[in-house]
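Written below as structure tokens is the structure these notes are about.
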Amino acid sequence: MHVKSIEQRCPDIHKNPWPVLKAYHVDLVLWNEQRHPEWKISHREWTVVQKGDGWSLYQATSGL
């Protein structure tokens, strides 16, 4: 897939990421809170599985 076509799909994926996450079997997200403090993770759709010093591991609670 070309970079341009990926960039064109990004807004759609941001609006509804679940089909892409499901297609690639993504049900866990590891968040480096120190490196990316600006990330916003929905607690309706993700549950904290484990936390450490500056990181959190989330598991999908819906959509997958």
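Chain labels A, B, ... are given in the sequence in which chains occur in the structure tokens; within each chain residues are numbered consecutively from 1, and ligands are likewise numbered from 1 in the order shown.
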
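Within the 9 Å cut-off around Leu30 in chain A, using only C-alpha atoms and omitting residues fewer than 4 positions from it on the same chain, the listed residues are A:Trp55, A:Ser56, A:Leu57, A:Tyr58, A:Gln59.
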
- Assign secondary structure with DSSP using the backbone only, and return the residues of chain A in alpha helix (DSSP H) as number ranges by chain. A: 3-15, 18-23

Atoms to include: N, CA and C atoms. Write the selected residues as an mmCIF file, in the first residue's frame.
data_model
loop_
_atom_site.group_PDB
_atom_site.id
_atom_site.type_symbol
_atom_site.label_atom_id
_atom_site.label_comp_id
_atom_site.auth_asym_id
_atom_site.auth_seq_id
_atom_site.Cartn_x
_atom_site.Cartn_y
_atom_site.Cartn_z
ATOM 1 N N VAL A 3 2.056 5.144 0.597
ATOM 2 C CA VAL A 3 1.928 6.093 1.699
ATOM 3 C C VAL A 3 0.761 7.040 1.468
ATOM 4 N N LYS A 4 0.572 7.507 0.253
ATOM 5 C CA LYS A 4 -0.506 8.450 -0.042
ATOM 6 C C LYS A 4 -1.880 7.836 0.260
ATOM 7 N N SER A 5 -2.084 6.583 -0.117
ATOM 8 C CA SER A 5 -3.373 5.953 0.144
ATOM 9 C C SER A 5 -3.585 5.724 1.639
ATOM 10 N N ILE A 6 -2.515 5.457 2.360
ATOM 11 C CA ILE A 6 -2.613 5.301 3.817
ATOM 12 C C ILE A 6 -2.984 6.646 4.445
ATOM 13 N N GLU A 7 -2.327 7.714 4.031
ATOM 14 C CA GLU A 7 -2.623 9.042 4.560
ATOM 15 C C GLU A 7 -4.068 9.443 4.286
ATOM 16 N N GLN A 8 -4.599 9.054 3.146
ATOM 17 C CA GLN A 8 -5.981 9.386 2.805
ATOM 18 C C GLN A 8 -6.962 8.639 3.699
ATOM 19 N N ARG A 9 -6.611 7.450 4.139
ATOM 20 C CA ARG A 9 -7.497 6.661 4.995
ATOM 21 C C ARG A 9 -7.427 7.050 6.461
ATOM 22 N N CYS A 10 -6.375 7.750 6.884
ATOM 23 C CA CYS A 10 -6.186 8.071 8.298
ATOM 24 C C CYS A 10 -7.389 8.769 8.946
ATOM 25 N N PRO A 11 -7.985 9.801 8.327
ATOM 26 C CA PRO A 11 -9.138 10.435 8.971
ATOM 27 C C PRO A 11 -10.290 9.451 9.207
ATOM 28 N N ASP A 12 -10.530 8.547 8.264
ATOM 29 C CA ASP A 12 -11.584 7.548 8.436
ATOM 30 C C ASP A 12 -11.265 6.593 9.577
ATOM 31 N N ILE A 13 -10.022 6.203 9.666
ATOM 32 C CA ILE A 13 -9.605 5.278 10.726
ATOM 33 C C ILE A 13 -9.716 5.950 12.088
ATOM 34 N N HIS A 14 -9.367 7.223 12.177
ATOM 35 C CA HIS A 14 -9.485 7.948 13.446
ATOM 36 C C HIS A 14 -10.939 8.039 13.893
ATOM 37 N N LYS A 15 -11.853 8.196 12.943
ATOM 38 C CA LYS A 15 -13.283 8.283 13.280
ATOM 39 C C LYS A 15 -13.810 6.953 13.808
ATOM 40 N N TRP A 18 -12.218 0.619 14.912
ATOM 41 C CA TRP A 18 -12.517 -0.776 15.225
ATOM 42 C C TRP A 18 -12.396 -1.742 14.050
ATOM 43 N N PRO A 19 -12.864 -1.407 12.843
ATOM 44 C CA PRO A 19 -12.690 -2.369 11.738
ATOM 45 C C PRO A 19 -11.220 -2.698 11.437
ATOM 46 N N VAL A 20 -10.371 -1.689 11.503
ATOM 47 C CA VAL A 20 -8.943 -1.912 11.239
ATOM 48 C C VAL A 20 -8.313 -2.706 12.386
ATOM 49 N N LEU A 21 -8.652 -2.342 13.617
ATOM 50 C CA LEU A 21 -8.112 -3.076 14.761
ATOM 51 C C LEU A 21 -8.536 -4.540 14.716
ATOM 52 N N LYS A 22 -9.795 -4.770 14.365
ATOM 53 C CA LYS A 22 -10.288 -6.142 14.268
ATOM 54 C C LYS A 22 -9.594 -6.909 13.147
ATOM 55 N N ALA A 23 -9.408 -6.263 12.007
ATOM 56 C CA ALA A 23 -8.767 -6.911 10.860
ATOM 57 C C ALA A 23 -7.352 -7.377 11.194
#

- Item | Contacts of range 37-48 of chain A at 8 Å (only C-alpha atoms; same-chain gap of 2+ positions) as a ChimeraX atom specification | /A:32-35,50-51,56-63

Requested write-out: all heavy atoms of the selected residues, as a compact mmCIF listing (two decimals), in the first residue's frame:
# COMPACT_ATOMS: atom_id res chain seq x y z
N ASN A 32 2.98 4.39 26.23
CA ASN A 32 4.11 5.00 26.90
C ASN A 32 3.67 6.41 27.27
O ASN A 32 3.70 7.32 26.45
CB ASN A 32 5.34 5.03 25.98
CG ASN A 32 6.56 5.61 26.65
OD1 ASN A 32 6.46 6.44 27.54
ND2 ASN A 32 7.73 5.17 26.21
N GLU A 33 3.23 6.59 28.50
CA GLU A 33 2.65 7.86 28.95
C GLU A 33 3.67 8.98 29.03
O GLU A 33 3.32 10.15 28.93
CB GLU A 33 1.96 7.66 30.29
CG GLU A 33 0.81 6.68 30.20
CD GLU A 33 0.34 6.20 31.55
OE1 GLU A 33 1.02 6.45 32.57
OE2 GLU A 33 -0.72 5.53 31.59
N GLN A 34 4.93 8.64 29.21
CA GLN A 34 5.98 9.66 29.28
C GLN A 34 6.31 10.18 27.89
O GLN A 34 6.55 11.37 27.70
CB GLN A 34 7.22 9.10 29.97
CG GLN A 34 6.98 8.78 31.41
CD GLN A 34 8.17 8.12 32.06
OE1 GLN A 34 9.05 7.57 31.41
NE2 GLN A 34 8.19 8.14 33.39
N ARG A 35 6.31 9.29 26.91
CA ARG A 35 6.66 9.69 25.55
C ARG A 35 5.48 10.32 24.80
O ARG A 35 5.66 11.18 23.96
CB ARG A 35 7.16 8.47 24.79
CG ARG A 35 7.77 8.80 23.47
CD ARG A 35 8.47 7.61 22.90
NE ARG A 35 9.14 7.98 21.67
CZ ARG A 35 9.83 7.17 20.93
NH1 ARG A 35 9.95 5.91 21.30
NH2 ARG A 35 10.40 7.58 19.84
N GLN A 50 -2.82 -3.39 33.17
CA GLN A 50 -1.66 -3.28 34.05
C GLN A 50 -1.04 -1.90 33.87
O GLN A 50 -1.12 -1.31 32.80
CB GLN A 50 -0.64 -4.36 33.70
CG GLN A 50 0.37 -4.61 34.77
CD GLN A 50 1.13 -5.91 34.53
OE1 GLN A 50 0.83 -6.68 33.63
NE2 GLN A 50 2.13 -6.16 35.37
N LYS A 51 -0.43 -1.40 34.96
CA LYS A 51 0.25 -0.11 34.91
C LYS A 51 1.64 -0.27 35.50
O LYS A 51 1.86 -1.11 36.35
CB LYS A 51 -0.52 0.94 35.73
CG LYS A 51 -1.82 1.39 35.09
CD LYS A 51 -2.52 2.43 35.93
CE LYS A 51 -2.03 3.81 35.75
NZ LYS A 51 -2.27 4.51 34.52
N SER A 56 1.01 2.20 30.58
CA SER A 56 -0.23 1.48 30.89
C SER A 56 -0.53 0.52 29.74
O SER A 56 -0.32 0.85 28.59
CB SER A 56 -1.41 2.45 31.04
OG SER A 56 -1.24 3.29 32.13
N LEU A 57 -1.04 -0.64 30.09
CA LEU A 57 -1.46 -1.63 29.11
C LEU A 57 -2.98 -1.68 29.13
O LEU A 57 -3.58 -1.90 30.19
CB LEU A 57 -0.87 -3.00 29.44
CG LEU A 57 -1.23 -4.13 28.47
CD1 LEU A 57 -0.65 -3.85 27.07
CD2 LEU A 57 -0.74 -5.47 29.00
N TYR A 58 -3.59 -1.46 27.97
CA TYR A 58 -5.04 -1.45 27.84
C TYR A 58 -5.51 -2.62 27.00
O TYR A 58 -4.84 -3.01 26.04
CB TYR A 58 -5.51 -0.16 27.14
CG TYR A 58 -5.42 1.07 28.00
CD1 TYR A 58 -4.22 1.77 28.13
CD2 TYR A 58 -6.54 1.56 28.66
CE1 TYR A 58 -4.15 2.91 28.90
CE2 TYR A 58 -6.46 2.70 29.44
CZ TYR A 58 -5.27 3.37 29.56
OH TYR A 58 -5.18 4.50 30.31
N GLN A 59 -6.70 -3.13 27.35
CA GLN A 59 -7.33 -4.18 26.55
C GLN A 59 -8.67 -3.65 26.04
O GLN A 59 -9.39 -2.97 26.77
CB GLN A 59 -7.56 -5.43 27.37
CG GLN A 59 -8.14 -6.56 26.56
CD GLN A 59 -8.11 -7.88 27.32
OE1 GLN A 59 -8.11 -7.90 28.54
NE2 GLN A 59 -8.07 -8.95 26.58
N ALA A 60 -8.99 -3.99 24.79
CA ALA A 60 -10.25 -3.55 24.19
C ALA A 60 -11.42 -4.16 24.95
O ALA A 60 -11.41 -5.34 25.26
CB ALA A 60 -10.30 -3.95 22.73
N THR A 61 -12.44 -3.34 25.21
CA THR A 61 -13.62 -3.83 25.90
C THR A 61 -14.83 -3.87 24.98
O THR A 61 -15.86 -4.38 25.34
CB THR A 61 -13.97 -2.95 27.11
OG1 THR A 61 -14.14 -1.61 26.67
CG2 THR A 61 -12.90 -3.03 28.17
N SER A 62 -14.69 -3.31 23.77
CA SER A 62 -15.80 -3.33 22.81
C SER A 62 -15.27 -3.32 21.39
O SER A 62 -14.12 -2.98 21.14
CB SER A 62 -16.70 -2.12 23.02
OG SER A 62 -16.01 -0.94 22.71
N GLY A 63 -16.13 -3.69 20.48
CA GLY A 63 -15.79 -3.59 19.07
C GLY A 63 -15.00 -4.75 18.49
O GLY A 63 -14.97 -4.92 17.30

- Message: For the strand (DSSP E or B) assignment from backbone DSSP, which residues of chain A qualify? Please present them as a ChimeraX atom specification.
- Response: /A:28-32,46-52,55-60
